[in-house]
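Asks: Structure below; questions to follow.
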Amino acid sequence: MNDSFSESGFDLDQVDRLLTTTRAVRKRLDLKRDVSDDLIFECIDLAEQAPTGGNDASRRWMVIRDQDTKDELGRLYAEVGTLFINARGRLDGTGHPKERVVSSSAYLVENFSKAPVLVMCAIWGIHDNSGQPGLFDSAIPSAWSFNLALRSRGLGTAYATMLNNKAAEVTKLLGIPPGVTTLVCFPVAYTIGHEFSAAPRRPASEITYFDQWGFTRKQPSPDGSARVVDGPGVVVEIDTDARPKAVWEVISDINTPARFSDELVQAEWTTSGDRGVGSTFRGTNSIPDVHDWDTNCIVTAWKDRETFEWRTTDPENPGAIWRFDLVEQGGGSRLRFSMTIGTENNSTAPRALQDPARQSEILHERRLIHKANMQRVVEGVKGLVDE
Ligand SMILES: Cc1cc2nc3c(=O)[nH]c(=O)nc-3n(C[C@H](O)[C@H](O)[C@H](O)COP(=O)(O)O)c2cc1C
């Protein structure tokens with residue numbers, strides 16, 4: 001068997017290509033080429049293999065080809081989508097991280113009704129927050145399978161949900177009875193060309209937590225236990241109303257963590273001039289009645305309004321790597337504060353390595369303390385910027 005085949009016999013090169021390159025397609029929809037009912041049935045049959053809560057057969061699909069109906073849906077879509085048209089005007093040519101997606105979304109707003117076919121995924125049921133799994137949420141896995149089935153057959157679409165803001169008008173237009181929820185309306189077409197790239201996404205190691213929210217490992221552990229050599233870490237995050245500029249002012253001050261952490265007492269720059277990669281500072285730490293210690297820290301990443309990273313003791317062999325990351329989020333910011341415990345030059349790694357049977361536990365206990373302090377820091381920052 002070829003190496004690219006999995007234990008279960010799938011050709012992983014093909015499967016992975018499908019999973020990594022099924023993108024939101026808008027500007028590359030071929031609006032001139034028709035899509036047959038045959039293909040739509042085939043893709044819906046495949047999508048219906050998706051899981052469904054309680055094994056209820058409650059999903060329903062609508063295929064819209066009538067041009068007047070598509071025009072009306074396009075008009076409703078555009079009423080909501082003016083936000084993309086306006087944002088495109090502001091972002092075009094600025095290099096803003098959202099420039100491309102906004103331009104592409106605006107294009108879809110302008111061309112929604114020109115798609116050869118609109119396919120709507122709906123479900124019997126109303127989302128009433130009753131916690132029942134059987135209804136509404138069962139449409140989502142199926143809708144994504146529909147996307148994958150389209151992609152595998154040379155077609156494409158975007159997971160377009162904005163018509164949900166016009167549910168009353170849409171249900172009236174399409175004769176949908178009360179008690180049915182519409183979730184997504186796919187503009188379906190052949191794609192212009194078949195090469196699509198994988199999207200830049202955060203790696204699993206940064207967003208996967210082991211046994212405790214926020215507990216990361218830099219690399220997979222061979223036996224699944226927490227080990228010093230795998231780079232155990234902690235992440236805490238918080239959303240602020242304040243924009244990145246205001247949050248950066250606070251987090252780029254090395255004394256901010258000391259204001260809120262129970263362990264870090266103070267910090268002091270030991271180099272002068274502009275702050276940046278290579279600048280150093282000394283941190284004074286204390287665990288009352290246990291011990292007090294100083295750490296020499298060196299800045300290893302510094303990007304205005306985005307990233308501030310420093311390493312303790314020895315940049316090549318750090319006792320710990322500490323890092324702030326800032327992204328714009330919903331008009332405000334999301335602040336991520338993370339740390340990785342080094343393999344030496346700290347007090348935790350030697351203790352954990354000397355006692356292999358308790359290694360996981362020692363790392364767990366130390367990380368609970370870090371997490372509590374880090375949480376206090378991000379909450380403190382939020383308090384300062386959102387006041
Ligand atoms: C829940 C959800 C809602 C979405 N709603 C819309 C939408 O209304 N209009 C649209 O053009 N794209 C919509 N998208 C597509 C995203 O904008 C798209 O995933 C994003 O641009 C990233 O592109 P990519 O999927 O190719 O990485 C939606 C995606 C999801 C998952």
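Here, A, B, ... name the chains of the structure tokens in the order displayed, residue numbers run from 1 inside each chain, and ligands are numbered from 1 in the same displayed order.
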Give as a PyMOL selection string the residues surrounding ligand 1 up to a distance of 10 Å, considering only C-alpha atoms and all ligand atoms.
Replies: chain A and resi 20-26+77+80-81+84+98+100-109+112+140+144+157-165+183-187+196-201
Asks: Would you mind listing what lies within 8 Å of Gly276 (chain A) as a PyMOL selection string, with only C-alpha atoms counted and same-chain residues fewer than 4 positions away left out?
Replies: chain A and resi 299+301-302
Asks: Grab the residues selected above and save them as a short mmCIF file (atom, residue, chain, number, x, y, z; two decimals), in the first residue's frame with N, CA and C atoms.
Replies:
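The resulting file, out_34.cif, is reproduced below:
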```
data_model
loop_
_atom_site.label_atom_id
_atom_site.label_comp_id
_atom_site.auth_asym_id
_atom_site.auth_seq_id
_atom_site.Cartn_x
_atom_site.Cartn_y
_atom_site.Cartn_z
N VAL A 299 14.16 40.66 25.13
CA VAL A 299 13.02 40.76 24.21
C VAL A 299 13.36 40.00 22.92
N ALA A 301 10.75 39.19 20.46
CA ALA A 301 9.85 39.62 19.37
C ALA A 301 9.16 40.89 19.83
N TRP A 302 9.06 41.84 18.93
CA TRP A 302 8.46 43.14 19.29
C TRP A 302 7.87 43.72 18.04
#
```
Asks: Could you tell me which of A:Ile341, A:Val377, A:Val234, A:Leu335 comes closest to Ala320 (chain A) if we count only C-alpha atoms?
Replies: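 Checking each of A:Ile341, A:Val377, A:Val234, A:Leu335 against Ala320 (chain A), counting only C-alpha atoms, the winner is A:Ile341.
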Asks: Can you pull out the residues contacting Trp124 (chain A)? Cut-off 8 Å, using only C-alpha atoms, and skip same-chain residues under 2 positions away; I want them as a PyMOL selection string.
Replies: chain A and resi 58-60+122+126+135-136+179-181
Asks: As an mmCIF file with C-alpha atoms, in the first residue's frame, list the residues of region 128-196 of chain A assigned to alpha helix (DSSP H) by DSSP on the backbone atoms of this structure.
Replies:
```cif
data_model
loop_
_atom_site.group_PDB
_atom_site.id
_atom_site.type_symbol
_atom_site.label_atom_id
_atom_site.label_comp_id
_atom_site.auth_asym_id
_atom_site.auth_seq_id
_atom_site.Cartn_x
_atom_site.Cartn_y
_atom_site.Cartn_z
ATOM 1 C CA ALA A 139 -27.843 21.374 9.628
ATOM 2 C CA ILE A 140 -24.319 22.709 10.069
ATOM 3 C CA PRO A 141 -22.309 19.479 9.607
ATOM 4 C CA SER A 142 -24.441 18.664 6.602
ATOM 5 C CA ALA A 143 -24.001 22.105 5.051
ATOM 6 C CA TRP A 144 -20.228 21.738 5.323
ATOM 7 C CA SER A 145 -20.319 18.270 3.737
ATOM 8 C CA PHE A 146 -22.271 19.881 0.888
ATOM 9 C CA ASN A 147 -19.358 22.326 0.430
ATOM 10 C CA LEU A 148 -16.865 19.455 0.330
ATOM 11 C CA ALA A 149 -18.979 17.493 -2.146
ATOM 12 C CA LEU A 150 -19.175 20.546 -4.420
ATOM 13 C CA ARG A 151 -15.423 21.124 -4.279
ATOM 14 C CA SER A 152 -14.655 17.508 -5.141
ATOM 15 C CA ALA A 167 -35.554 35.360 7.656
ATOM 16 C CA ALA A 168 -39.104 36.774 7.636
ATOM 17 C CA GLU A 169 -38.805 38.055 4.051
ATOM 18 C CA VAL A 170 -37.063 34.879 2.871
ATOM 19 C CA THR A 171 -39.632 32.514 4.349
ATOM 20 C CA LYS A 172 -42.459 34.555 2.794
ATOM 21 C CA LEU A 173 -40.774 34.678 -0.615
ATOM 22 C CA LEU A 174 -40.032 30.947 -0.699
#
```
Asks: Considering only C-alpha atoms, state which residue in the set A:Leu353, A:Val385, A:Val35, A:Ile40 is at the smallest distance from Val250 (chain A).
Replies: A:Val385
Asks: Give me, please, the distance in Å between CA of Gly233 (chain A) and CA of Thr295 (chain A), quoted to one decimal.
Replies: 18.5 Å
Asks: What gap, in Å, lies between CA of Met339 (chain A) and CA of Pro232 (chain A)?
Replies: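 That distance, rounded to one decimal, is 8.6 Å.
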Asks: Write out as a PyMOL selection string the set of residues from region 230-379 of chain A that DSSP, computed on the backbone, places in strand (DSSP E or B).
Replies: chain A and resi 232-240+264-269+280-287+291-303+307-312+320-329+332-341
Asks: Neighbours of Ser347 (chain A) within 12 Å (only C-alpha atoms; same-chain residues fewer than 2 positions away dropped), as a PyMOL selection string?
Replies: chain A and resi 228+291-293+295+319-320+341-345+349-354+362-363+366
Asks: Go through A:Glu316, A:Asp38, A:Glu249, A:Glu237 and flag the residue nearest Thr300 (chain A), using only C-alpha atoms for the distances.
Replies: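 The answer is A:Glu316, which sits nearest to Thr300 (chain A).
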Asks: Go through A:Thr256, A:Asn296, A:Ser6, A:Arg367 and flag the residue nearest Thr270 (chain A), using only C-alpha atoms for the distances.
Replies: A:Asn296
Asks: Can you tell me which residues surround region 61-75 of chain A at a distance of at most 6 Å, considering only C-alpha atoms, apart from same-chain residues fewer than 3 positions away, and format the answer as a count of residues only?
Replies: 9
Asks: Grab the CA of Glu328 (chain A) to CA of Gln212 (chain A) distance for me, in Å with one decimal place.
Replies: 26.2 Å
Asks: Between A:Leu91, A:Leu76, A:Ala57, A:Ile207, which is the closest to Ile123 (chain A) once you count only C-alpha atoms?
Replies: A:Ala57
